[in-house]
file model.cif (mmCIF, C-alpha atoms and all ligand atoms)
data_query
loop_
_atom_site.label_atom_id
_atom_site.label_comp_id
_atom_site.auth_asym_id
_atom_site.auth_seq_id
_atom_site.Cartn_x
_atom_site.Cartn_y
_atom_site.Cartn_z
CA MET L 1 65.80 -120.25 100.11
CA ILE L 2 68.44 -118.74 102.40
CA TYR L 3 68.07 -119.20 106.15
CA SER L 4 70.04 -117.78 109.07
CA ARG L 5 71.43 -120.60 111.19
CA ILE L 6 72.87 -120.29 114.68
CA THR L 7 76.28 -121.94 114.32
CA GLY L 8 77.97 -120.81 117.53
CA THR L 9 77.08 -119.53 120.99
CA GLY L 10 79.03 -118.13 123.92
CA SER L 11 78.39 -116.40 127.21
CA TYR L 12 80.10 -114.73 130.13
CA LEU L 13 79.18 -113.86 133.71
CA PRO L 14 81.41 -111.70 135.92
CA GLU L 15 83.29 -113.51 138.65
CA ARG L 16 81.71 -111.75 141.60
CA ILE L 17 78.46 -113.31 142.81
CA MET L 18 76.05 -111.36 144.98
CA PRO L 19 73.66 -113.75 146.76
CA ASN L 20 70.27 -112.63 148.04
CA SER L 21 71.68 -112.76 151.57
CA GLU L 22 74.04 -109.88 150.72
CA LEU L 23 71.09 -107.73 149.62
CA THR L 24 69.42 -108.26 152.98
CA THR L 25 72.30 -106.29 154.54
CA MET L 26 71.68 -103.39 152.12
CA VAL L 27 67.87 -103.00 151.93
CA ASP L 28 64.78 -104.21 153.78
CA THR L 29 64.24 -107.49 151.94
CA SER L 30 64.57 -111.23 152.43
CA ASP L 31 65.80 -114.23 150.48
CA GLU L 32 62.28 -115.68 150.83
CA TRP L 33 60.63 -112.58 149.25
CA ILE L 34 63.09 -112.42 146.36
CA GLN L 35 62.92 -116.13 145.56
CA SER L 36 59.15 -116.45 145.88
CA ARG L 37 58.39 -113.31 143.79
CA THR L 38 61.10 -113.70 141.14
CA GLY L 39 62.93 -117.05 141.39
CA ILE L 40 66.26 -115.20 141.68
CA LYS L 41 68.90 -116.62 144.07
CA GLN L 42 71.93 -114.55 143.06
CA ARG L 43 73.31 -112.16 140.46
CA HIS L 44 76.79 -111.50 139.05
CA ILE L 45 78.34 -108.05 139.38
CA ALA L 46 80.98 -106.66 137.02
CA ARG L 47 84.21 -105.20 138.40
CA ALA L 48 84.40 -101.40 138.46
CA ASP L 49 86.83 -101.54 135.52
CA GLU L 50 84.83 -104.18 133.59
CA SER L 51 82.59 -102.78 130.89
CA THR L 52 79.70 -104.04 128.76
CA CYS L 53 82.10 -104.31 125.82
CA ASP L 54 84.62 -106.30 127.92
CA MET L 55 81.93 -108.81 128.89
CA GLY L 56 80.60 -108.95 125.33
CA ALA L 57 84.09 -109.59 123.95
CA VAL L 58 84.50 -112.74 126.07
CA ALA L 59 81.07 -114.08 125.03
CA ALA L 60 81.77 -113.19 121.39
CA THR L 61 85.14 -114.94 121.38
CA ARG L 62 83.51 -118.09 122.78
CA ALA L 63 80.73 -117.92 120.16
CA LEU L 64 83.25 -117.47 117.33
CA GLN L 65 85.29 -120.41 118.64
CA SER L 66 82.24 -122.66 118.76
CA ALA L 67 81.29 -121.62 115.20
CA GLY L 68 84.88 -122.18 114.02
CA LEU L 69 85.02 -118.67 112.56
CA GLU L 70 87.80 -116.08 112.66
CA PRO L 71 86.79 -112.53 113.68
CA ASN L 72 87.81 -111.17 110.28
CA GLN L 73 85.43 -113.57 108.50
CA LEU L 74 82.48 -111.62 109.94
CA ASP L 75 80.52 -109.31 107.70
CA LEU L 76 78.25 -107.74 110.31
CA VAL L 77 78.62 -107.04 114.04
CA LEU L 78 75.49 -106.21 116.06
CA PHE L 79 75.65 -105.32 119.75
CA ALA L 80 72.37 -105.26 121.70
CA THR L 81 72.72 -103.22 124.87
CA SER L 82 71.19 -100.37 126.83
CA THR L 83 74.34 -99.88 128.92
CA PRO L 84 76.91 -98.91 126.26
CA ASP L 85 80.50 -98.18 127.30
CA GLN L 86 80.37 -94.72 125.78
CA ILE L 87 77.81 -92.35 124.22
CA PHE L 88 79.71 -92.98 121.01
CA PRO L 89 81.27 -94.77 119.21
CA SER L 90 78.87 -97.69 119.38
CA THR L 91 79.76 -100.64 121.61
CA ALA L 92 79.80 -102.71 118.40
CA CYS L 93 82.68 -100.58 117.06
CA LEU L 94 84.52 -100.77 120.40
CA LEU L 95 84.14 -104.56 120.22
CA GLN L 96 85.53 -104.56 116.67
CA ARG L 97 88.63 -102.82 118.08
CA GLN L 98 88.88 -105.27 121.00
CA LEU L 99 88.58 -108.34 118.72
CA GLU L 100 90.83 -106.75 116.06
CA ILE L 101 88.18 -106.95 113.34
CA THR L 102 89.80 -104.83 110.67
CA ASN L 103 87.97 -106.00 107.53
CA GLY L 104 85.66 -102.96 107.46
CA CYS L 105 82.41 -104.85 108.07
CA PRO L 106 79.47 -102.76 109.35
CA ALA L 107 78.92 -102.65 113.11
CA PHE L 108 76.21 -100.97 115.14
CA ASP L 109 74.31 -101.13 118.42
CA VAL L 110 70.70 -102.19 118.88
CA GLN L 111 68.84 -100.43 121.70
CA ALA L 112 65.66 -102.28 122.59
CA VAL L 113 66.45 -102.84 126.29
CA CYS L 114 65.49 -106.40 127.38
CA SER L 115 64.26 -107.19 123.85
CA GLY L 116 67.57 -106.16 122.31
CA PHE L 117 68.58 -109.72 121.53
CA VAL L 118 65.36 -110.61 119.65
CA TYR L 119 65.51 -107.27 117.84
CA GLY L 120 69.14 -107.99 116.94
CA LEU L 121 68.31 -111.50 115.77
CA THR L 122 65.62 -110.06 113.51
CA ILE L 123 68.05 -107.55 111.98
CA ALA L 124 70.70 -110.25 111.52
CA ASP L 125 68.16 -112.53 109.85
CA LYS L 126 67.10 -109.79 107.42
CA PHE L 127 70.71 -109.02 106.48
CA ILE L 128 71.33 -112.72 105.82
CA LYS L 129 68.05 -113.40 103.98
CA SER L 130 68.60 -110.38 101.72
CA GLY L 131 72.08 -111.63 100.82
CA SER L 132 73.79 -108.62 102.45
CA ALA L 133 75.67 -110.74 104.99
CA LYS L 134 76.76 -114.35 105.39
CA ASN L 135 78.47 -114.37 108.78
CA VAL L 136 76.94 -112.26 111.55
CA LEU L 137 78.02 -111.83 115.17
CA LEU L 138 75.25 -110.75 117.54
CA ILE L 139 76.06 -109.90 121.14
CA GLY L 140 73.59 -109.15 123.92
CA ALA L 141 75.28 -107.67 126.98
CA ASP L 142 74.37 -105.35 129.83
CA CYS L 143 76.03 -103.96 132.92
CA LEU L 144 72.90 -103.08 134.87
CA SER L 145 74.65 -102.96 138.26
CA LYS L 146 75.97 -99.56 137.20
CA ILE L 147 72.45 -98.12 136.74
CA VAL L 148 70.76 -99.81 139.70
CA ASP L 149 69.81 -97.74 142.73
CA TRP L 150 71.22 -99.98 145.45
CA THR L 151 68.95 -98.30 148.03
CA ASP L 152 65.72 -99.14 146.12
CA ARG L 153 64.54 -102.61 147.17
CA SER L 154 61.87 -102.70 144.47
CA THR L 155 64.50 -102.82 141.71
CA CYS L 156 67.95 -103.64 143.12
CA VAL L 157 67.06 -107.26 143.86
CA LEU L 158 66.12 -107.93 140.24
CA PHE L 159 69.07 -107.10 138.02
CA GLY L 160 72.58 -108.38 137.24
CA ASP L 161 75.40 -108.20 134.71
CA GLY L 162 76.36 -110.56 131.90
CA ALA L 163 76.82 -111.19 128.21
CA GLY L 164 75.81 -113.71 125.57
CA ALA L 165 76.59 -114.00 121.89
CA VAL L 166 75.62 -115.99 118.83
CA VAL L 167 77.11 -116.42 115.38
CA LEU L 168 74.53 -116.63 112.59
CA GLN L 169 75.47 -117.93 109.16
CA ALA L 170 73.69 -118.17 105.82
CA SER L 171 72.50 -121.70 105.07
CA THR L 172 70.10 -123.59 102.86
CA GLU L 173 68.96 -125.46 106.01
CA PRO L 174 66.59 -123.80 108.55
CA GLY L 175 67.29 -121.68 110.55
CA VAL L 176 65.25 -118.78 111.70
CA TYR L 177 61.68 -119.37 110.51
CA SER L 178 60.07 -116.15 111.63
CA THR L 179 60.49 -113.14 113.84
CA VAL L 180 57.81 -110.87 115.31
CA LEU L 181 58.60 -107.46 116.82
CA HIS L 182 56.40 -104.89 118.58
CA ALA L 183 56.83 -101.66 120.53
CA ASN L 184 54.54 -99.14 122.19
CA GLY L 185 56.18 -95.98 123.51
CA ALA L 186 53.00 -94.98 125.36
CA TYR L 187 54.35 -97.18 128.17
CA ALA L 188 57.79 -95.51 128.24
CA ASN L 189 57.59 -94.34 131.85
CA MET L 190 56.69 -97.74 133.29
CA LEU L 191 60.27 -98.97 132.97
CA GLU L 192 62.97 -96.37 132.36
CA VAL L 193 66.22 -94.68 133.25
CA PRO L 194 64.84 -91.13 133.05
CA CYS L 195 68.11 -89.36 132.34
CA GLY L 196 70.14 -88.88 129.19
CA VAL L 197 72.20 -86.56 127.04
CA SER L 198 69.77 -84.33 125.19
CA LYS L 199 67.38 -84.40 128.14
CA PRO L 200 69.35 -84.41 131.35
CA GLY L 201 66.97 -85.28 134.14
CA GLU L 202 66.84 -87.27 137.28
CA GLU L 203 69.53 -89.59 138.55
CA ARG L 204 70.81 -92.33 136.30
CA PHE L 205 68.91 -95.23 137.86
CA ILE L 206 66.38 -97.84 136.72
CA LYS L 207 62.83 -96.92 137.72
CA MET L 208 60.04 -99.46 137.30
CA GLN L 209 56.34 -99.78 138.06
CA GLY L 210 56.88 -103.47 138.78
CA SER L 211 53.38 -104.88 139.07
CA ASP L 212 52.11 -102.95 135.99
CA VAL L 213 55.08 -104.22 133.97
CA PHE L 214 54.36 -107.71 135.25
CA LYS L 215 50.70 -107.62 134.12
CA PHE L 216 51.56 -106.20 130.71
CA ALA L 217 54.37 -108.74 130.24
CA VAL L 218 52.17 -111.76 130.95
CA ALA L 219 49.41 -110.55 128.58
CA ALA L 220 51.85 -109.51 125.82
CA MET L 221 53.75 -112.82 125.95
CA ASP L 222 50.42 -114.69 125.70
CA GLU L 223 49.58 -112.93 122.43
CA LEU L 224 53.13 -112.93 121.10
CA VAL L 225 53.70 -116.67 121.27
CA GLU L 226 50.44 -117.28 119.39
CA GLU L 227 51.43 -114.72 116.76
CA VAL L 228 54.90 -116.14 116.07
CA LEU L 229 53.50 -119.69 115.78
CA VAL L 230 50.81 -118.56 113.33
CA THR L 231 53.39 -116.58 111.31
CA SER L 232 55.54 -119.71 110.95
CA ALA L 233 52.59 -122.11 110.48
CA MET L 234 53.83 -124.12 113.49
CA GLN L 235 51.93 -125.70 116.36
CA LYS L 236 52.64 -125.48 120.08
CA SER L 237 53.35 -129.21 119.99
CA ASP L 238 56.17 -128.65 117.46
CA LEU L 239 58.23 -126.72 120.03
CA ASP L 240 61.17 -128.42 121.72
CA TRP L 241 62.32 -125.55 123.93
CA LEU L 242 61.12 -122.23 125.27
CA ILE L 243 64.10 -119.93 125.86
CA PRO L 244 62.55 -116.78 127.32
CA HIS L 245 63.90 -113.49 128.59
CA GLN L 246 64.96 -114.20 132.14
CA ALA L 247 63.22 -111.48 134.19
CA ASN L 248 60.89 -113.33 136.52
CA GLN L 249 60.19 -117.01 137.02
CA ARG L 250 56.46 -116.30 137.39
CA ILE L 251 56.23 -114.61 133.95
CA ILE L 252 58.16 -117.51 132.40
CA THR L 253 55.89 -120.08 134.06
CA ALA L 254 52.77 -118.28 132.79
CA THR L 255 54.13 -118.30 129.21
CA ALA L 256 55.06 -121.99 129.42
CA LYS L 257 51.54 -122.78 130.66
CA LYS L 258 50.03 -120.90 127.72
CA LEU L 259 52.17 -123.07 125.41
CA ASN L 260 51.23 -126.29 127.26
CA MET L 261 54.96 -126.80 127.82
CA PRO L 262 56.19 -128.51 130.99
CA MET L 263 58.93 -126.59 132.81
CA SER L 264 61.30 -129.41 131.78
CA LYS L 265 61.13 -127.89 128.27
CA VAL L 266 62.00 -124.38 129.43
CA ILE L 267 65.58 -123.16 129.77
CA MET L 268 65.52 -121.13 132.95
CA THR L 269 68.65 -119.45 134.29
CA VAL L 270 67.11 -116.46 136.10
CA GLU L 271 67.94 -118.01 139.49
CA GLU L 272 71.67 -117.86 138.68
CA HIS L 273 71.99 -114.30 137.36
CA GLY L 274 68.74 -112.32 137.73
CA ASN L 275 67.59 -110.06 134.90
CA THR L 276 70.56 -109.31 132.64
CA SER L 277 68.42 -107.53 130.01
CA ALA L 278 69.78 -108.05 126.46
CA ALA L 279 72.12 -110.80 127.71
CA SER L 280 69.48 -113.04 129.21
CA ILE L 281 68.28 -115.04 126.17
CA PRO L 282 71.77 -115.75 124.74
CA LEU L 283 72.99 -116.64 128.26
CA ALA L 284 70.15 -119.14 128.66
CA MET L 285 70.60 -120.48 125.12
CA ASP L 286 74.33 -121.00 125.59
CA THR L 287 73.70 -122.76 128.91
CA GLY L 288 71.15 -125.15 127.33
CA ILE L 289 73.39 -125.89 124.35
CA ARG L 290 76.59 -126.41 126.33
CA ASP L 291 74.95 -128.69 128.91
CA GLY L 292 73.55 -130.83 126.08
CA ARG L 293 69.82 -130.21 126.61
CA VAL L 294 69.35 -128.26 123.37
CA LYS L 295 70.30 -130.47 120.43
CA PRO L 296 70.83 -129.74 116.73
CA GLY L 297 67.56 -129.85 114.77
CA GLN L 298 65.36 -128.81 117.70
CA LEU L 299 62.81 -126.01 117.46
CA LEU L 300 63.35 -123.09 119.86
CA LEU L 301 61.00 -120.27 120.77
CA LEU L 302 62.78 -117.15 122.05
CA GLU L 303 60.74 -114.26 123.47
CA ALA L 304 61.31 -111.07 125.43
CA ILE L 305 59.71 -107.87 126.67
CA GLY L 306 61.28 -104.82 128.22
CA GLY L 307 61.52 -101.05 128.41
CA GLY L 308 59.73 -99.14 125.69
CA PHE L 309 57.71 -101.25 125.93
CA ALA L 310 59.43 -103.25 123.21
CA TRP L 311 58.77 -106.95 122.78
CA GLY L 312 59.33 -109.71 120.28
CA ALA L 313 59.77 -113.39 119.54
CA VAL L 314 61.84 -115.57 117.24
CA LEU L 315 61.18 -119.14 116.14
CA VAL L 316 64.39 -120.88 115.18
CA ARG L 317 65.58 -124.40 114.41
CA TYR L 318 68.95 -124.96 116.07
O1 LIG S 1 62.94 -107.14 132.07
C1 LIG S 1 61.91 -106.24 131.84
C2 LIG S 1 60.66 -106.72 132.32
N1 LIG S 1 60.60 -106.58 133.76
C3 LIG S 1 59.86 -107.40 134.41
O2 LIG S 1 59.37 -108.31 133.80
C4 LIG S 1 59.59 -107.17 135.87
C5 LIG S 1 58.12 -107.32 136.08
N2 LIG S 1 57.70 -107.19 137.47
C6 LIG S 1 57.99 -108.11 138.40
O3 LIG S 1 58.72 -109.04 138.17
C7 LIG S 1 57.29 -107.99 139.74
O4 LIG S 1 56.30 -106.99 139.67
C8 LIG S 1 58.27 -107.65 140.91
C9 LIG S 1 59.11 -108.87 141.23
C10 LIG S 1 59.13 -106.48 140.55
C11 LIG S 1 57.46 -107.33 142.18
O5 LIG S 1 56.59 -108.38 142.48
P1 LIG S 1 55.05 -108.09 142.82
O6 LIG S 1 54.44 -109.36 143.21
O7 LIG S 1 54.47 -107.37 141.62
O8 LIG S 1 55.15 -107.14 144.08
P2 LIG S 1 54.64 -105.65 144.27
O9 LIG S 1 55.46 -104.69 143.48
O10 LIG S 1 53.15 -105.61 144.07
O11 LIG S 1 54.95 -105.43 145.79
C12 LIG S 1 54.35 -106.25 146.83
C13 LIG S 1 54.90 -105.84 148.17
C14 LIG S 1 54.86 -104.32 148.41
O12 LIG S 1 54.56 -104.12 149.78
P3 LIG S 1 53.04 -103.74 150.24
O13 LIG S 1 52.73 -102.47 149.51
O14 LIG S 1 52.19 -104.90 149.79
O15 LIG S 1 53.16 -103.62 151.71
C15 LIG S 1 56.29 -103.89 148.17
O16 LIG S 1 56.62 -102.72 148.90
O17 LIG S 1 56.28 -106.19 148.27
C16 LIG S 1 57.05 -105.06 148.69
N3 LIG S 1 58.39 -105.18 148.12
C17 LIG S 1 59.38 -105.87 148.73
N4 LIG S 1 59.41 -106.53 149.88
C18 LIG S 1 60.58 -107.15 150.19
C19 LIG S 1 58.86 -104.70 146.94
N5 LIG S 1 60.14 -105.05 146.78
C20 LIG S 1 60.48 -105.79 147.85
C21 LIG S 1 61.65 -106.44 148.26
N6 LIG S 1 61.66 -107.11 149.41
N7 LIG S 1 62.76 -106.44 147.48
#
call {"tool": "encode", "arguments": {"input": "model.cif", "output": "C-alpha cells", "more": "lines below"}}
Ligand code: UT7
result
Amino acid sequence: MIYSRITGTGSYLPERIMPNSELTTMVDTSDEWIQSRTGIKQRHIARADESTCDMGAVAATRALQSAGLEPNQLDLVLFATSTPDQIFPSTACLLQRQLEITNGCPAFDVQAVCSGFVYGLTIADKFIKSGSAKNVLLIGADCLSKIVDWTDRSTCVLFGDGAGAVVLQASTEPGVYSTVLHANGAYANMLEVPCGVSKPGEERFIKMQGSDVFKFAVAAMDELVEEVLVTSAMQKSDLDWLIPHQANQRIITATAKKLNMPMSKVIMTVEEHGNTSAASIPLAMDTGIRDGRVKPGQLLLLEAIGGGFAWGAVLVRY
C-alpha cells in the first residue's frame, strides 16, 4: 500500500500588518465588532510589487528545506490559488521558473477558492497512490488584498494575504487516509468576484452574502467531518488535531463542538492573518508543526469551504 506522507511544511506572511484599528479609519467598523464576529485581530498585506507566486515561492522553499528535498527532485507542482499572478501561464509554472525547477515535471494550478488546499491535497494523493508521482509540492497562496473593496466593511475586515506549502512523498507508512470533496455551483453568487475574462462584468472585488455563507458553512462542515471519519473508519476520539480553514472563529468553534474536541486541540491562526483563502490551512498546519504542538504520528483533520461553493476534508497522519 502506498500512502502520501507530509514530509515538509513552510509558510509566509507579508511583512506589513494591518490591525483592526487601521480599518476603523477606513470604514464604519470597530475592533470589538470584528473580533466578536470573526476572531480576527489583524491581517498581513502584500507589497504592491509582491505577487501570489512570490509569496508561494518563499513558503515552498521553506517546505522543501524542511523535507530535505531539492527543487529538481519534485515530480509534480500544484499551486492552489484564486488570485493567480497572470491569466496564463499558471502560477505553478511561474513558480517552477522562480525556483529553477527545470526537470520538466508537470505543474498546474488548482482553483477551488478557499478549498483549494484540500482539493490540491486530494489531487496530490491520487498522483502518489497511482504511482504517477513520488515527490509532490503543493502550495496554497492568495493575495486577496488586491481583490478586496476597501470601502465595503462587510468584506474588507475579513481577508488577508499569505502562503503555505507542503511536500508530500510516497511512503509505505500512513499518510493521507482519505479525502472527501464536494461542490455545488448553484451557490455561485453567494461568494464571488463577478468579473473575468470571457465574461467581463462588474468591478474586480469580492462580494459575499456573509450570513448565508456562514449558515451553509456550519451545516456543511457538520456533515463533512462525519463523512470523512466514516470513509476512513475512524472515530472522533481518534483525532489529535483539527486544522480548519481559517475564515471565522465561530465556524471553527461550531465544527470543534460537533467533533467533541476542546479548542486546545484546534490549530487556530485566524486572529493573526484573517481569511487567506487557499493559504489558510497550510499556514495553520505549519504554525502548529513548527511550534511543536503537532507531532509526528498524530491524526489531523483538515477541512475547508469556500466560493463555488466548494468544500472538502482530508484525514491525514502526520
Ligand atoms: O472563506 C469562505 C467562507 N467565508 C466565510 O466563512 C464567511 C462566512 N460569514 C461570516 O463569517 C459572517 O457572516 C460575517 C463575519 C461576514 C458577518 O457576521 P454576521 O454575524 O453574519 O453579521 P451580518 O452580516 O448578519 O451583519 C450584522 C450587522 C449588520 O447590521 P444590521 O443590519 O444588523 O444593522 C451589518 O451591516 O453587522 C453589520 N456589519 C458591520 N458592522 C460593523 C457588517 N459588517 C460590519 C463591520 N463592522 N465590518
call {"tool": "atom_distance", "arguments": {"input": "model.cif", "atom1": "CA of Thr102 in chain L", "atom2": "CA of Arg5 in chain L"}}
result
24.2 Å
call {"tool": "closest_atom_pairs", "arguments": {"input": "model.cif", "of": "chain L", "to": "ligand LIG 1 (chain S)", "cutoff": "6 Å", "atoms": "only C-alpha atoms and all ligand atoms", "output": "Markdown table"}}
result
| residue | atom | partner | partner_atom | distance |
| --- | --- | --- | --- | --- |
| L:Thr29 | CA | S:LIG1 | N6 | 3.6 |
| L:Ser30 | CA | S:LIG1 | N6 | 5.9 |
| L:Trp33 | CA | S:LIG1 | C18 | 5.5 |
| L:Arg37 | CA | S:LIG1 | C9 | 5.2 |
| L:Thr38 | CA | S:LIG1 | C9 | 5.2 |
| L:Cys114 | CA | S:LIG1 | O1 | 5.4 |
| L:Arg153 | CA | S:LIG1 | N7 | 4.2 |
| L:Ser154 | CA | S:LIG1 | N5 | 3.7 |
| L:Val157 | CA | S:LIG1 | N7 | 5.7 |
| L:Gly210 | CA | S:LIG1 | O4 | 3.7 |
| L:Ser211 | CA | S:LIG1 | O4 | 3.7 |
| L:Val213 | CA | S:LIG1 | C5 | 4.8 |
| L:Phe214 | CA | S:LIG1 | C5 | 3.9 |
| L:Ala247 | CA | S:LIG1 | O1 | 4.8 |
| L:Asn248 | CA | S:LIG1 | O3 | 5.1 |
| L:Ser277 | CA | S:LIG1 | O1 | 5.9 |
| L:Ile305 | CA | S:LIG1 | C2 | 5.8 |
| L:Gly306 | CA | S:LIG1 | C1 | 3.9 |
call {"tool": "write_last_selection", "arguments": {"input": "model.cif", "atoms": "C-alpha atoms", "output": "mmCIF file, in the coordinates of the input"}}
result
data_model
loop_
_atom_site.group_PDB
_atom_site.id
_atom_site.type_symbol
_atom_site.label_atom_id
_atom_site.label_comp_id
_atom_site.auth_asym_id
_atom_site.auth_seq_id
_atom_site.Cartn_x
_atom_site.Cartn_y
_atom_site.Cartn_z
ATOM 1 C CA THR L 29 64.240 -107.490 151.940
ATOM 2 C CA SER L 30 64.570 -111.230 152.430
ATOM 3 C CA TRP L 33 60.630 -112.580 149.250
ATOM 4 C CA ARG L 37 58.390 -113.310 143.790
ATOM 5 C CA THR L 38 61.100 -113.700 141.140
ATOM 6 C CA CYS L 114 65.490 -106.400 127.380
ATOM 7 C CA ARG L 153 64.540 -102.610 147.170
ATOM 8 C CA SER L 154 61.870 -102.700 144.470
ATOM 9 C CA VAL L 157 67.060 -107.260 143.860
ATOM 10 C CA GLY L 210 56.880 -103.470 138.780
ATOM 11 C CA SER L 211 53.380 -104.880 139.070
ATOM 12 C CA VAL L 213 55.080 -104.220 133.970
ATOM 13 C CA PHE L 214 54.360 -107.710 135.250
ATOM 14 C CA ALA L 247 63.220 -111.480 134.190
ATOM 15 C CA ASN L 248 60.890 -113.330 136.520
ATOM 16 C CA SER L 277 68.420 -107.530 130.010
ATOM 17 C CA ILE L 305 59.710 -107.870 126.670
ATOM 18 C CA GLY L 306 61.280 -104.820 128.220
#
call {"tool": "residues_around", "arguments": {"input": "model.cif", "residues": "Thr255 in chain L", "least_positions_apart": "6", "cutoff": "9 Å", "atoms": "only C-alpha atoms", "output": "count of residues only"}}
result
7
call {"tool": "closest_residue", "arguments": {"input": "model.cif", "among": "L:Glu70, L:Glu32, L:Glu50, L:Glu226", "to": "Asp142 in chain L", "atoms": "only C-alpha atoms"}}
result
L:Glu50
call {"tool": "atom_distance", "arguments": {"input": "model.cif", "atom1": "CA of Trp311 in chain L", "atom2": "CA of Ala183 in chain L"}}
result
6.1 Å
call {"tool": "atom_distance", "arguments": {"input": "model.cif", "atom1": "CA of Ala46 in chain L", "atom2": "CA of Ala141 in chain L"}}
result
11.6 Å
call {"tool": "closest_residue", "arguments": {"input": "model.cif", "among": "L:Gly131, L:Met190, L:Arg62, L:Val176", "to": "Arg290 in chain L", "atoms": "all atoms listed in the file"}}
result
L:Arg62
call {"tool": "residues_around", "arguments": {"input": "model.cif", "residues": "Gly196 in chain L", "least_positions_apart": "3", "cutoff": "12 Å", "atoms": "only C-alpha atoms", "output": "NGL selection string"}}
result
:L and (82-83 or 87 or 192-193 or 199-205)
call {"tool": "residues_around", "arguments": {"input": "model.cif", "residues": "Gly162 in chain L", "least_positions_apart": "2", "cutoff": "9 Å", "atoms": "only C-alpha atoms", "output": "list of chain:residue names"}}
result
L:Ser11, L:Tyr12, L:Leu13, L:Pro14, L:His44, L:Ile45, L:Ala46, L:Thr52, L:Met55, L:Gly56, L:Gly140, L:Ala141, L:Asp142, L:Cys143, L:Leu144, L:Gly160, L:Gly164, L:His273, L:Thr276, L:Ser277, L:Ala278, L:Ala279, L:Ser280, L:Leu283
call {"tool": "closest_residue", "arguments": {"input": "model.cif", "among": "L:Val110, L:Ala92, L:Ile2, L:Ile243", "to": "Ile128 in chain L", "atoms": "all atoms listed in the file"}}
result
L:Ile2
call {"tool": "residues_near_point", "arguments": {"input": "model.cif", "point": "(56.6, -106.0, 118.0)", "cutoff": "7 Å", "atoms": "only C-alpha atoms", "output": "short mmCIF file (atom, residue, chain, number, x, y, z; two decimals) with C-alpha atoms, keeping the file's coordinate frame"}}
result
data_model
loop_
_atom_site.label_atom_id
_atom_site.label_comp_id
_atom_site.auth_asym_id
_atom_site.auth_seq_id
_atom_site.Cartn_x
_atom_site.Cartn_y
_atom_site.Cartn_z
CA VAL L 180 57.81 -110.87 115.31
CA LEU L 181 58.60 -107.46 116.82
CA HIS L 182 56.40 -104.89 118.58
CA ALA L 183 56.83 -101.66 120.53
CA ALA L 310 59.43 -103.25 123.21
CA TRP L 311 58.77 -106.95 122.78
CA GLY L 312 59.33 -109.71 120.28
#
call {"tool": "closest_residue", "arguments": {"input": "model.cif", "among": "L:Gly8, L:Pro71, L:Gly288, L:Gly175", "to": "Ile101 in chain L", "atoms": "only C-alpha atoms"}}
result
L:Pro71
call {"tool": "residues_around", "arguments": {"input": "model.cif", "residues": "Asp54 in chain L", "least_positions_apart": "5", "cutoff": "10 Å", "atoms": "all atoms listed in the file", "output": "list in words"}}
result
Tyr12, Ala46, Asp49, Ala59, Ala60, Asp85, Thr91, Leu94, Leu95, Gln98, Ala141 and Ala163 of chain L
call {"tool": "write_last_selection", "arguments": {"input": "model.cif", "atoms": "C-alpha atoms", "output": "JSON list (two decimals), in the frame of the given file"}}
result
[["chain", "number", "residue", "atom", "x", "y", "z"],
["L", 12, "TYR", "CA", 80.10, -114.73, 130.13],
["L", 46, "ALA", "CA", 80.98, -106.66, 137.02],
["L", 49, "ASP", "CA", 86.83, -101.54, 135.52],
["L", 59, "ALA", "CA", 81.07, -114.08, 125.03],
["L", 60, "ALA", "CA", 81.77, -113.19, 121.39],
["L", 85, "ASP", "CA", 80.50, -98.18, 127.30],
["L", 91, "THR", "CA", 79.76, -100.64, 121.61],
["L", 94, "LEU", "CA", 84.52, -100.77, 120.40],
["L", 95, "LEU", "CA", 84.14, -104.56, 120.22],
["L", 98, "GLN", "CA", 88.88, -105.27, 121.00],
["L", 141, "ALA", "CA", 75.28, -107.67, 126.98],
["L", 163, "ALA", "CA", 76.82, -111.19, 128.21]]
call {"tool": "decode", "arguments": {"input": "model.cif", "residues": "range 191-210 of chain L", "atoms": "C-alpha atoms", "output": "JSON list (two decimals), in the first residue's frame"}}
result
[["chain", "number", "residue", "atom", "x", "y", "z"],
["L", 191, "LEU", "CA", -19.41, 34.34, -2.64],
["L", 192, "GLU", "CA", -17.81, 35.59, -5.84],
["L", 193, "VAL", "CA", -15.66, 38.04, -7.75],
["L", 194, "PRO", "CA", -18.18, 38.63, -10.54],
["L", 195, "CYS", "CA", -15.74, 39.70, -13.22],
["L", 196, "GLY", "CA", -13.44, 37.76, -15.53],
["L", 197, "VAL", "CA", -12.01, 37.37, -19.00],
["L", 198, "SER", "CA", -14.68, 35.69, -21.10],
["L", 199, "LYS", "CA", -17.41, 37.47, -19.14],
["L", 200, "PRO", "CA", -16.25, 40.94, -18.25],
["L", 201, "GLY", "CA", -18.63, 42.30, -15.66],
["L", 202, "GLU", "CA", -18.64, 44.33, -12.55],
["L", 203, "GLU", "CA", -15.59, 45.54, -10.69],
["L", 204, "ARG", "CA", -12.96, 43.05, -9.63],
["L", 205, "PHE", "CA", -13.93, 42.80, -5.96],
["L", 206, "ILE", "CA", -15.03, 40.05, -3.56],
["L", 207, "LYS", "CA", -18.79, 40.06, -3.00],
["L", 208, "MET", "CA", -20.29, 37.91, -0.27],
["L", 209, "GLN", "CA", -23.69, 37.23, 1.29],
["L", 210, "GLY", "CA", -21.98, 36.77, 4.64]]
